[in-house]
Amino acid sequence: MSRRKLKNYLRSHRRRLGLSQDELAYLVRASSGSKISNYENFRCMPTLETALACELIFQKPVGELFAGLFDQIESRTGERMKILAYKLSRADAGRPNGMYRNERITLKLEHHPIYKHKHD
Amino acid sequence: MTKPELHNERVLAIHPVSRGFGFAVLEGPEDLIDYGVTQLKQYDQERCLARLANLMARCEPSLLITEDPKQSRQSARAIALLTAIRELALGKKVRWQRSRKQGRSSRSRHAQTKHQKAVVISETFPELASRLPSKRKPWESEDVRMAMFAACALALTYFSHTG
């Protein structure tokens with residue numbers, strides 16, 4: 001049974017490694033352990049630098065560490081792809097048939113894996 | 001592109017202790033997301049429930065498992081807390097389920113005592129090994145950390161029954 005994922009799984013991965021919040025803060029060059037606490041309780045988002053550092057420390061891809069956020073972005077991007085494809089196809093309407101730029105992009109978007117992703 | 005793996009149902013298991021509760025959050029039988037013991041210096045059921053509500057807001061469980069308040073052999077205070085937890089879960093529209101007989105998951109089938117079951121759980125989840133209390137002497141009271149293992153056992157039993 002699939003279920004909405006947590007925004008991030010930093011807490012479980014940190015505890016699996018046996019690190020304290022202060023120790024992880026030192027590793028990712030965050031100001032203090034309270035910063036890590038804020039990330040773990042979804043009060044704020046880490047910078048790209050911190051997220052990549054977490055990927056290296058926990059040996060898990062960012063998409064898995066921030067699974068809920070990843071899903072949210074995937075869904076949002078898929079929606080935007082559909083809108084863009086629609087807008088581009090509308091812009092081509094009325095023109096003679098041919099492989100125009102818009103048509104090429106629309107085709108690429110429609111075959112993108114995220115385009116067919118089931119959105120919430 | 002890295003696709004995150006599918007997680008199972010997120011289950012929050014609660015085991016009350018004298019001044020609070022132990023909890024475990026699992027996403028499937030292999031994935032321990034969070035665990036711990038929440039204790040208050042002076043017991044107050046409302047504050048205890050507020051802590052639980054915070055926990056539920058953070059981990060967004062789809063199912064909450066506790067011992068059956070009607071069949072529990074715990075103290076009156078713990079039974080009152082179990083009943084209040086059930087009402088809290090229903091109020092928050094989180095599915096609540098009472099546990100079946102504790103400790104009958106396939107992994108802990110041969111474990112007889114509570115400590116033996118806790119050892120099996122700490123072998124399943126090595127991050128819990130450092131939290132495992134030493135074996136209780138007959139003249140000692142139970143370590144509160146056992147509540148965490150009891151909560152884990154509740155969740156694992158649920159997963160072993162649901163397959």
# chains A, B, ... in the order shown; residues from 1 in each chain; ligands from 1
>>> residues_around(residues="Gly18 in chain A", least_positions_apart="2", cutoff="12 Å", atoms="only C-alpha atoms", output="PyMOL selection string")
(chain A and resi 11-16+20-24+58) or (chain B and resi 126-131)
>>> write_last_selection(atoms="C-alpha atoms", output="tab-separated table (two decimals), in the first residue's frame")
chain	number	residue	atom	x	y	z
A	11	ARG	CA	15.96	11.99	11.24
A	12	SER	CA	15.71	8.25	10.63
A	13	HIS	CA	18.91	8.15	8.57
A	14	ARG	CA	20.81	10.24	11.12
A	15	ARG	CA	19.72	7.99	13.97
A	16	ARG	CA	20.57	4.90	11.94
A	20	SER	CA	23.66	13.52	17.10
A	21	GLN	CA	22.13	16.65	15.59
A	22	ASP	CA	25.24	18.66	16.53
A	23	GLU	CA	27.53	16.11	14.89
A	24	LEU	CA	25.51	16.15	11.68
A	58	PHE	CA	23.92	8.84	4.30
B	126	PRO	CA	20.54	-2.15	14.97
B	127	GLU	CA	19.97	1.55	15.72
B	128	LEU	CA	17.99	0.40	18.78
B	129	ALA	CA	20.83	-1.74	20.14
B	130	SER	CA	22.35	1.15	22.08
B	131	ARG	CA	18.96	1.78	23.73
>>> interface_residues(of="chain A", to="chain B", cutoff="9 Å", atoms="only C-alpha atoms", output="MDAnalysis selection string")
chainID A and resid 1:6 9 11:13 15:18 41:42 61:67 70:71
>>> write_last_selection(atoms="N, CA and C atoms", output="PDB file, in the first residue's frame")
ATOM      1  N   MET A   1       0.852  -1.201   0.000  1.00  0.00           N
ATOM      2  CA  MET A   1       0.000   0.000   0.000  1.00  0.00           C
ATOM      3  C   MET A   1       0.879   1.239   0.000  1.00  0.00           C
ATOM      4  N   SER A   2       0.684   2.089  -0.995  1.00  0.00           N
ATOM      5  CA  SER A   2       1.488   3.296  -1.086  1.00  0.00           C
ATOM      6  C   SER A   2       0.873   4.391  -0.237  1.00  0.00           C
ATOM      7  N   ARG A   3       1.718   5.259   0.282  1.00  0.00           N
ATOM      8  CA  ARG A   3       1.208   6.283   1.205  1.00  0.00           C
ATOM      9  C   ARG A   3       2.036   7.537   1.007  1.00  0.00           C
ATOM     10  N   ARG A   4       1.424   8.702   1.322  1.00  0.00           N
ATOM     11  CA  ARG A   4       2.137   9.959   1.180  1.00  0.00           C
ATOM     12  C   ARG A   4       3.392   9.937   2.049  1.00  0.00           C
ATOM     13  N   LYS A   5       4.503  10.266   1.410  1.00  0.00           N
ATOM     14  CA  LYS A   5       5.765  10.159   2.137  1.00  0.00           C
ATOM     15  C   LYS A   5       6.014  11.389   2.989  1.00  0.00           C
ATOM     16  N   LEU A   6       6.882  11.244   3.956  1.00  0.00           N
ATOM     17  CA  LEU A   6       7.287  12.384   4.771  1.00  0.00           C
ATOM     18  C   LEU A   6       8.133  13.304   3.899  1.00  0.00           C
ATOM     19  N   TYR A   9      13.517  12.264   5.278  1.00  0.00           N
ATOM     20  CA  TYR A   9      13.804  11.151   6.182  1.00  0.00           C
ATOM     21  C   TYR A   9      15.175  11.342   6.837  1.00  0.00           C
ATOM     22  N   ARG A  11      15.913  12.439   9.844  1.00  0.00           N
ATOM     23  CA  ARG A  11      15.963  11.987  11.240  1.00  0.00           C
ATOM     24  C   ARG A  11      16.248  10.484  11.337  1.00  0.00           C
ATOM     25  N   SER A  12      15.518   9.700  10.531  1.00  0.00           N
ATOM     26  CA  SER A  12      15.712   8.246  10.626  1.00  0.00           C
ATOM     27  C   SER A  12      17.103   7.850  10.135  1.00  0.00           C
ATOM     28  N   HIS A  13      17.574   8.500   9.075  1.00  0.00           N
ATOM     29  CA  HIS A  13      18.909   8.153   8.567  1.00  0.00           C
ATOM     30  C   HIS A  13      20.003   8.596   9.541  1.00  0.00           C
ATOM     31  N   ARG A  15      19.734   8.864  12.789  1.00  0.00           N
ATOM     32  CA  ARG A  15      19.722   7.993  13.969  1.00  0.00           C
ATOM     33  C   ARG A  15      20.254   6.598  13.626  1.00  0.00           C
ATOM     34  N   ARG A  16      20.032   6.185  12.376  1.00  0.00           N
ATOM     35  CA  ARG A  16      20.575   4.897  11.935  1.00  0.00           C
ATOM     36  C   ARG A  16      22.100   4.923  11.986  1.00  0.00           C
ATOM     37  N   LEU A  17      22.672   6.087  11.648  1.00  0.00           N
ATOM     38  CA  LEU A  17      24.132   6.228  11.695  1.00  0.00           C
ATOM     39  C   LEU A  17      24.635   6.469  13.122  1.00  0.00           C
ATOM     40  N   GLY A  18      23.714   6.807  14.003  1.00  0.00           N
ATOM     41  CA  GLY A  18      24.090   7.052  15.397  1.00  0.00           C
ATOM     42  C   GLY A  18      24.683   8.433  15.616  1.00  0.00           C
ATOM     43  N   ASN A  41      12.140  18.530  11.480  1.00  0.00           N
ATOM     44  CA  ASN A  41      10.736  18.772  11.823  1.00  0.00           C
ATOM     45  C   ASN A  41      10.013  19.550  10.736  1.00  0.00           C
ATOM     46  N   PHE A  42      10.621  19.615   9.570  1.00  0.00           N
ATOM     47  CA  PHE A  42      10.031  20.233   8.367  1.00  0.00           C
ATOM     48  C   PHE A  42       9.701  21.714   8.580  1.00  0.00           C
ATOM     49  N   PRO A  61      20.325   8.649  -2.312  1.00  0.00           N
ATOM     50  CA  PRO A  61      20.063   9.767  -3.223  1.00  0.00           C
ATOM     51  C   PRO A  61      19.161  10.827  -2.583  1.00  0.00           C
ATOM     52  N   VAL A  62      19.355  12.067  -3.007  1.00  0.00           N
ATOM     53  CA  VAL A  62      18.568  13.180  -2.445  1.00  0.00           C
ATOM     54  C   VAL A  62      17.070  12.904  -2.599  1.00  0.00           C
ATOM     55  N   GLY A  63      16.690  12.309  -3.738  1.00  0.00           N
ATOM     56  CA  GLY A  63      15.282  11.999  -3.998  1.00  0.00           C
ATOM     57  C   GLY A  63      14.694  11.056  -2.962  1.00  0.00           C
ATOM     58  N   GLU A  64      15.540  10.241  -2.381  1.00  0.00           N
ATOM     59  CA  GLU A  64      15.071   9.298  -1.362  1.00  0.00           C
ATOM     60  C   GLU A  64      15.090   9.940   0.025  1.00  0.00           C
ATOM     61  N   LEU A  65      16.086  10.763   0.275  1.00  0.00           N
ATOM     62  CA  LEU A  65      16.175  11.460   1.568  1.00  0.00           C
ATOM     63  C   LEU A  65      15.035  12.455   1.725  1.00  0.00           C
ATOM     64  N   PHE A  66      14.706  13.117   0.622  1.00  0.00           N
ATOM     65  CA  PHE A  66      13.627  14.122   0.644  1.00  0.00           C
ATOM     66  C   PHE A  66      12.460  13.586  -0.192  1.00  0.00           C
ATOM     67  N   ALA A  67      11.994  12.397   0.158  1.00  0.00           N
ATOM     68  CA  ALA A  67      11.032  11.680  -0.682  1.00  0.00           C
ATOM     69  C   ALA A  67       9.718  12.438  -0.873  1.00  0.00           C
ATOM     70  N   PHE A  70      10.295  15.402  -3.039  1.00  0.00           N
ATOM     71  CA  PHE A  70      10.549  14.914  -4.399  1.00  0.00           C
ATOM     72  C   PHE A  70       9.223  14.641  -5.109  1.00  0.00           C
ATOM     73  N   ASP A  71       8.320  13.956  -4.417  1.00  0.00           N
ATOM     74  CA  ASP A  71       7.010  13.628  -5.004  1.00  0.00           C
ATOM     75  C   ASP A  71       6.226  14.889  -5.343  1.00  0.00           C
TER      76      ASP A  71
END
>>> residues_around(residues="range 137-141 of chain B", least_positions_apart="4", cutoff="12 Å", atoms="only C-alpha atoms", output="ChimeraX atom specification")
/B:17-18,115,133,145-146
>>> atom_distance(atom1="CA of Leu82 in chain B", atom2="CA of Lys70 in chain B")
9.4 Å
>>> atom_distance(atom1="CA of Met45 in chain A", atom2="CA of Thr77 in chain A")
18.7 Å
>>> atom_distance(atom1="CA of Ile57 in chain A", atom2="CA of Ser34 in chain A")
18.5 Å
>>> residues_around(residues="range 47-50 of chain A", least_positions_apart="4", cutoff="9 Å", atoms="only C-alpha atoms", output="list in words")
Val28, Arg29, Ala30, Cys54 and Glu55 of chain A
>>> write_last_selection(atoms="C-alpha atoms", output="mmCIF file, in the first residue's frame")
data_model
loop_
_atom_site.group_PDB
_atom_site.id
_atom_site.type_symbol
_atom_site.label_atom_id
_atom_site.label_comp_id
_atom_site.auth_asym_id
_atom_site.auth_seq_id
_atom_site.Cartn_x
_atom_site.Cartn_y
_atom_site.Cartn_z
ATOM 1 C CA VAL A 28 27.139 19.534 6.747
ATOM 2 C CA ARG A 29 28.623 22.857 7.929
ATOM 3 C CA ALA A 30 25.335 24.016 9.462
ATOM 4 C CA CYS A 54 23.430 14.633 3.346
ATOM 5 C CA GLU A 55 23.438 12.467 0.212
#
>>> residues_around(residues="Glu67 in chain B", least_positions_apart="6", cutoff="10 Å", atoms="only C-alpha atoms", output="list in words")
Ala13, Ile14, His15, Pro16, Arg73, Gln74, Ile79, Leu82, Thr83, Gln97, Arg98, Ser99, Arg100, Lys101, Gln102, Ala150, Ala151 and Leu154 of chain B
>>> select_by_dssp(residues="range 30-153 of chain B", states="strand (DSSP E)", output="list in words")
Leu32, Ile33, Asp34, Tyr35, Gly36, Val37, Thr38, Gln39, Leu63, Leu64, Ile65, Thr66, Arg95, Trp96, Gln97 and Arg98 of chain B
>>> closest_residue(among="B:Ile121, B:Gly20, B:Thr157, B:Ile65", to="Trp96 in chain B", atoms="only C-alpha atoms")
B:Ile65
>>> residues_around(residues="Arg80 in chain A", least_positions_apart="6", cutoff="12 Å", atoms="only C-alpha atoms", output="short mmCIF file (atom, residue, chain, number, x, y, z; two decimals) with C-alpha atoms, in the first residue's frame")
data_model
loop_
_atom_site.label_atom_id
_atom_site.label_comp_id
_atom_site.auth_asym_id
_atom_site.auth_seq_id
_atom_site.Cartn_x
_atom_site.Cartn_y
_atom_site.Cartn_z
CA ILE A 73 8.03 18.58 -7.09
CA GLU A 74 7.51 15.67 -9.50
CA TYR A 86 -0.92 22.64 -24.31
CA LYS A 87 0.22 26.24 -24.68
CA LEU A 109 7.23 16.72 -23.32
CA GLU A 110 4.42 14.26 -24.06
CA ILE A 114 6.84 12.78 -15.58
CA TYR A 115 4.16 13.85 -18.10
CA LYS A 116 2.30 10.60 -17.61
CA HIS A 117 2.92 10.56 -13.88
CA HIS A 119 -0.86 13.44 -10.01
#
